[in-house]
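Here's the structure, in structure tokens; my notes come after.
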Amino acid sequence: MNVGRSINRYLDALSYTRSAFGAPGVFLPFAMFGLLQALILLLFAQFTHPLLAPVMVPVMRWLGGEASLHYPMHLVGLPSVYQRVYLPLVASAGFALWSFAVWKLVDHHAVGADRPRRDFRPALPHIVVIGVLFVLASVVTGEAASRLVGPRTPDTVQRAVLFASVLATASLQALLVYAPLALRVRGGGWRSAVATSVAYARRHFIATAMVLLTVLLIHWPVDFILSRADRLAARFQPETIVQVMLASAVLEMFTACLLFAAITELALPREGGLK
Amino acid sequence: MRAARATWAGALLLLAGCSGHDDIRTRYQLERMMWRAQFHQRRVNIAILGASMGDTQDAIQAYRRVVAADPFAGSPRADWDPAVSADIRELLVSARVALANLYFATERYTDAGTLYTETLSLGSMNFKDVLDARMGAARASYMEGDQRRVMEQCAGIFRDVQASPDFWAGKGHIDDVFLNIPVTLVRLQTDAGEGAAADSAASEALAFYRRVSHTWPGSRLDWQSRLAVAQLHMVRGEWRAADDDLEKIIADTGQQAGDGASLELVLAEIHAFRLADTAGGAQRFESVRSRYAGTVAAFAAGYDLAALRLAQSDPSGAARQFQELERAPGVPAAVASRAMLARARILESSGSWDDAYALLRRLEQMYPFTTAAIEAPLVVTRHYVNEGNAAMVDVAMTHAGEYYNSLLDRRSAFPGNRLVVQSALAESFVTAGRADEAARLLGAGSQSWDEVSTAAGMLKAAELYGRVLHRPDDARATLEKVIDRFPDTRYARTARQRLDALAAGS
């Protein structure tokens with residue numbers, strides 16, 4: 001596939017996402033996961049509320065240590081504490097809800113609507129396994145990048161490693177991103193879904209990677225701000241960190257919808273595509 | 001169904017087993033309030049030169065909220081985790097000290113002093129916090145003009161340091177200022193005429209400094225203690241002992257850390273002006289000049305040599321040396337101006353008034369912000385008063401008024417003490433027989449003066465009304481004006497004390 005055609009397909013996929021945003025049934029699962037994240041964040045942020053403290057104080061201590069019970073360290077450390085909950089959450093509930101949305105997206109798609117309907121519930125355990133693999137891709141590249149960068153690493157090298165890790169995450173996730181669609185369209189287990197996804201992604205790698213990079217780049221400013229939570233707290237108010245994290249959860253509702261809608265469009269062209 | 005019931009029962013048991021964590025919640029809320037207060041405090045610190053009263057007042061209100069939220073005020077909270085309770089107590093002490101510091105910065109000395117003292121009485125403070133609070137209380141008392149409480153707090157600091165196991169175990173590092181407190185205490189007691197107390201404090205201080213030197217020989221603390229002992233002997237007028245101390249300190253070259261020039265200068269001054277050892281003094285001054293050429297100490301030694309010559313009845317030789325010093329390259333303004341003033345006085349006494357007058361005017365123009373320049377108009381006024389030249393007294397007074405007002409103007413770049421300027425102004429007018437005019441001028445103040453100058457000027461005016469003009473009613477009215485206009489300040493306290501003295505006198 002030449003680059004020009006890949007870019008055209010990428011642009012068509014982005015253009016298709018508008019119709020997905022316009023369909024409430026498609027957007028609802030993404031909104032539900034955003035709401036779930038906001039709820040958990042508020043529980044963490046308000047852990048000293050008299051109604052929450054009996055449960056949340058031990059939870060915060062378990063997740064973030066004694067420092068997380070002090071102001072403002074509780075808020076400065078909130079992104080890393082929340083990350084410990086977010087990763088299993090996105091691998092399970094997140095991926096389940098997003099995959100449910102994929103089921104809706106296929107039904108809503110002009111080509112996908114012709115494909116035979118398939119029950120969602122039997123696919124759920126396989127979806128969770130795919131979610132874990134999807135999350136592992138970003139965890140492994142993130143961990144590798146953090147091991148390469150030390151406190152004395154020059155800024156230029158740090159930026160290069162960060163950029164490389166974003167590219168590596170996009171590449172790895174690009175290979176897995178079609179797996180929920182494969183489950184919906186072809187059925188079977190997670191192994192065959194992953195194999196189908198890898199094979200399809202390799203054939204349409206440029207357009208797929210561009211969609212994933214777009215999503216990662218939209219998130220990058222927010223992730224960058226949260227990686228400097230201490231400075232954010234000192235410059236404004238520590239509570240700003242919670243506001244930015246809530247904004248990130250809201251942003252994720254739209255970017256996840258964009259990702260899976262674009263991927264559905266890439267996977268279901270008028271000719272060829274996943275069958 | 002059975003499994004679901006068991007899960008719910010487990011969850012309820014877990015909830016019932018969890019405490020409310022009131023201690024952690026309270027600590028968190030206090031830390032949050034403290035962060036807000038420190039946020040305002042940072043704004044005040046960043047804009048310290050142009051700190052808006054709004055920021056300072058916000059910081060004061062924020063710290064007051066922290067102090068008011070003391071959870072131990074009504075209950076001992078025995079069921080709280082001791083570590084969390086200790087955190088809360090430490091936080092409250094920090095908030096109290098910070099609030100007291102802000103009261104002090106805004107000249108609310110009574111509030112500052114009360115809060116420092118209350119904080120001390122609460123106990124549960126660590127060694128360093130106790131010292132800081134006592135120092136704050138001492139400073140607040142000083143600003144209020146309450147020497148008695150200053151001495152009490154200094155004695156408290158000395159007692160705490162002496163009795164602190166942490167200090168003697170080398171765990172509690174203290175600032176140099178605390179190590180000098182015993183000397184300050186003896187000086188205050190000596191100035192207050194409390195001879196017996198000063199004797200007792202001096203012997204305790206000597207024992208303390210010896211123990212410090214013995215505990216940490218060759219350390220910075222040892223060095224500080226040895227210097228403090230020399231200062232103590234100087235405060236007590238024990239010049240021979242001070243001389244011995246300084247000789248030993250100077251001989252110990254390993255510890256001087258750049259203080260050598262000034263220590264040798266002090267030693268030379270003790271010999272020249274206190275022990276009547278003029279030859280020894282002169283030799284030491286020469287030594288400072290040659291060994292530390294180009295330094296402030298070397299120029300000061302040059303001034304001292306000329307002054308010594310003048311004291312030995314050689315005015316022309318002294319004048320020559322002063323003149324050389326005035327022209328020396330790199331001479332500091334303070335030394336050059338003092339040399340000019342001294343030479344002008346020699347010229348005046350030798351009958352060359354025109355030269356002396358020209359020199360004094362040049363001094364004012366070249367070094368307008370120096371102590372010597374501030375004294376120059378007084379020399380001129382006194383000369384014309386002694387001469388009986390009323391016309392020139394008028395001219396001198398007009399000039400003195402303009403010069404002193406230029407220094408008192410808050411927009412002027414004058415970096416020195418404006419109270420010294422007010423004293424010189426008052427003395428010039430009194431010398432010229434115009435105490436009434438000085439009292440009116442100082443009592444009315446000027447819009448261009450700052451608050452401190454205005455308050456101090458009014459006190460000086462009351463002093464003139466009372467002691468020089470013998471008009472107690474005017475003195476009383478001026479003092480009452482000070483109390484009305486500057487409540488809760490040391491000026492109001494001084495005014496009250498003087499009102500009491502006036503009442504007792506009448």
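Identifiers in this document derive from the order of the structure tokens: chains are assigned A, B, ..., residues are numbered from 1 separately in each chain, and ligands are numbered from 1 in order of occurrence.
Residue neighbourhood of Pro79 in chain A, excluding near-sequence residues (fewer than 5 positions): A:Leu226, A:Ser227, A:Ala229, A:Met245, at 8 Å, using only C-alpha atoms.
In plain terms, chain A touches chain B through Thr48, His49, Pro50, Ala53, Pro54, Val55, Val57, Leu69, His70, Tyr71 and Pro72 of chain A, where touching means an atom at most 8 Å away, counting only C-alpha atoms.
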Saved selection, atoms kept: C-alpha atoms, as a JSON list (two decimals), in the first residue's frame:
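Listing of selection.json after writing:
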```json
[["chain", "number", "residue", "atom", "x", "y", "z"],
["A", 48, "THR", "CA", -11.11, 12.85, 53.77],
["A", 49, "HIS", "CA", -14.88, 13.36, 53.44],
["A", 50, "PRO", "CA", -16.48, 11.96, 56.62],
["A", 53, "ALA", "CA", -12.73, 8.37, 55.09],
["A", 54, "PRO", "CA", -13.42, 5.02, 56.85],
["A", 55, "VAL", "CA", -12.86, 3.15, 53.57],
["A", 57, "VAL", "CA", -8.05, 6.30, 54.12],
["A", 69, "LEU", "CA", -2.51, 11.06, 53.45],
["A", 70, "HIS", "CA", -0.85, 14.49, 53.63],
["A", 71, "TYR", "CA", -1.82, 17.69, 51.81],
["A", 72, "PRO", "CA", -0.60, 18.62, 49.19]]
```
Report task. Tell me, as a PyMOL selection string, which residues lie within 10 Å of Leu148 in chain A, counting only C-alpha atoms; anything in the same chain fewer than 6 positions away does not count. Result -> chain A and resi 142+157-158+161-162
Query raised in the report: Could you name the residues that touch Ala155 in chain B at 8 Å or less, counting only C-alpha atoms, but leaving out those on the same chain fewer than 3 positions away, as a PyMOL selection string?
Result: chain B and resi 151-152+158-159+182+185
Pick out the residues sitting within 10 Å of range 108-120 of chain B, and hand them over as a PDB file with C-alpha atoms, in the first residue's frame; count only C-alpha atoms, and ignore anything fewer than 3 positions along from it in its own chain.
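Here's the written file around.pdb:
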```pdb
ATOM      1  CA  LEU B  92       0.078  24.466  64.830  1.00  0.00           C
ATOM      2  CA  VAL B  93       3.359  25.694  66.336  1.00  0.00           C
ATOM      3  CA  SER B  94       4.640  26.575  62.854  1.00  0.00           C
ATOM      4  CA  ARG B  96       1.571  30.328  65.429  1.00  0.00           C
ATOM      5  CA  VAL B  97       5.210  31.351  64.908  1.00  0.00           C
ATOM      6  CA  ALA B  98       4.493  32.378  61.295  1.00  0.00           C
ATOM      7  CA  LEU B  99       1.473  34.424  62.423  1.00  0.00           C
ATOM      8  CA  ALA B 100       3.512  36.071  65.191  1.00  0.00           C
ATOM      9  CA  ASN B 101       6.235  36.886  62.638  1.00  0.00           C
ATOM     10  CA  LEU B 102       3.617  38.528  60.407  1.00  0.00           C
ATOM     11  CA  TYR B 103       2.222  40.515  63.350  1.00  0.00           C
ATOM     12  CA  PHE B 104       5.790  41.630  64.019  1.00  0.00           C
ATOM     13  CA  ALA B 105       6.334  42.586  60.368  1.00  0.00           C
ATOM     14  CA  GLY B 123       4.946  23.414  75.536  1.00  0.00           C
ATOM     15  CA  SER B 124       5.413  20.432  73.197  1.00  0.00           C
ATOM     16  CA  MET B 125       7.874  22.440  71.100  1.00  0.00           C
ATOM     17  CA  ASP B 129      11.233  26.259  67.811  1.00  0.00           C
ATOM     18  CA  VAL B 130      11.464  27.291  71.480  1.00  0.00           C
ATOM     19  CA  LEU B 131      14.530  29.398  70.723  1.00  0.00           C
ATOM     20  CA  ASP B 132      12.884  30.973  67.663  1.00  0.00           C
ATOM     21  CA  ALA B 133       9.737  31.797  69.638  1.00  0.00           C
ATOM     22  CA  ARG B 134      11.745  33.267  72.525  1.00  0.00           C
ATOM     23  CA  MET B 135      13.787  35.342  70.076  1.00  0.00           C
ATOM     24  CA  GLY B 136      10.563  36.547  68.467  1.00  0.00           C
ATOM     25  CA  ALA B 137       9.153  37.478  71.868  1.00  0.00           C
ATOM     26  CA  ALA B 138      12.390  39.319  72.725  1.00  0.00           C
ATOM     27  CA  ARG B 139      12.299  41.270  69.456  1.00  0.00           C
ATOM     28  CA  ALA B 140       8.634  42.145  69.891  1.00  0.00           C
ATOM     29  CA  SER B 141       9.347  43.372  73.438  1.00  0.00           C
ATOM     30  CA  TYR B 142      12.290  45.405  72.168  1.00  0.00           C
ATOM     31  CA  MET B 143      10.130  47.057  69.524  1.00  0.00           C
ATOM     32  CA  GLU B 144       7.550  47.808  72.189  1.00  0.00           C
ATOM     33  CA  GLY B 145      10.289  49.422  74.245  1.00  0.00           C
ATOM     34  CA  ARG B 149      10.721  41.588  78.908  1.00  0.00           C
ATOM     35  CA  GLN B 153      13.411  36.398  77.078  1.00  0.00           C
ATOM     36  CA  PRO B 487      -1.591  52.302  68.733  1.00  0.00           C
ATOM     37  CA  ASP B 488      -0.003  48.896  69.527  1.00  0.00           C
ATOM     38  CA  THR B 489       3.475  50.084  68.577  1.00  0.00           C
ATOM     39  CA  ARG B 490       6.574  50.636  70.624  1.00  0.00           C
ATOM     40  CA  ARG B 493       4.262  52.226  74.654  1.00  0.00           C
TER      41      ARG B 493
END
```
Query raised in the report: What lies within 9 Å of Arg202 in chain A using only C-alpha atoms, ignoring chain neighbours under 5 positions off, as a ChimeraX atom specification?
Result: /A:174-175,197,208
Restricting it to C-alpha atoms, dump the selection as a PDB file, in the first residue's frame.
```pdb
ATOM      1  CA  ALA A 174      -1.581  -0.716  16.224  1.00  0.00           C
ATOM      2  CA  LEU A 175      -0.986  -4.472  15.969  1.00  0.00           C
ATOM      3  CA  SER A 197      -5.462  -8.070  14.166  1.00  0.00           C
ATOM      4  CA  THR A 208      -3.504   2.407  11.602  1.00  0.00           C
TER       5      THR A 208
END
```
Query - 12 Å contact set for Arg471 in chain B, only C-alpha atoms, chain neighbours under 2 positions out, as a PyMOL selection string - result: chain B and resi 435-436+439+461-469+473-478+502+506
Requested in this report: Could you tell me which of A:Gly22, A:Pro154, A:Pro180, A:Gly4 comes closest to Ala195 in chain A if we count only C-alpha atoms?
Outcome: A:Pro180
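Each of A:Phe27, A:Thr196, A:Val250, A:Met60 was checked against Leu39 in chain A using only C-alpha atoms; the smallest atom-to-atom distance is that of A:Val250.
Taking CA of Ile7 in chain A as the reference point, CA of Phe205 in chain A is found at 11.1 Å.
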Query raised in the report: Which residues in range 47-134 of chain B does DSSP call helix (DSSP H, G or I)? List them as number ranges by chain.
Result: B: 53-68, 82-105, 109-122, 127-134
Report task. Work out how far CA of Leu217 in chain A is from CA of Val128 in chain A, in Å to one decimal. Result -> 25.4 Å
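Atom to atom, CA of Leu259 in chain A and CA of Val140 in chain A stand 21.1 Å apart.
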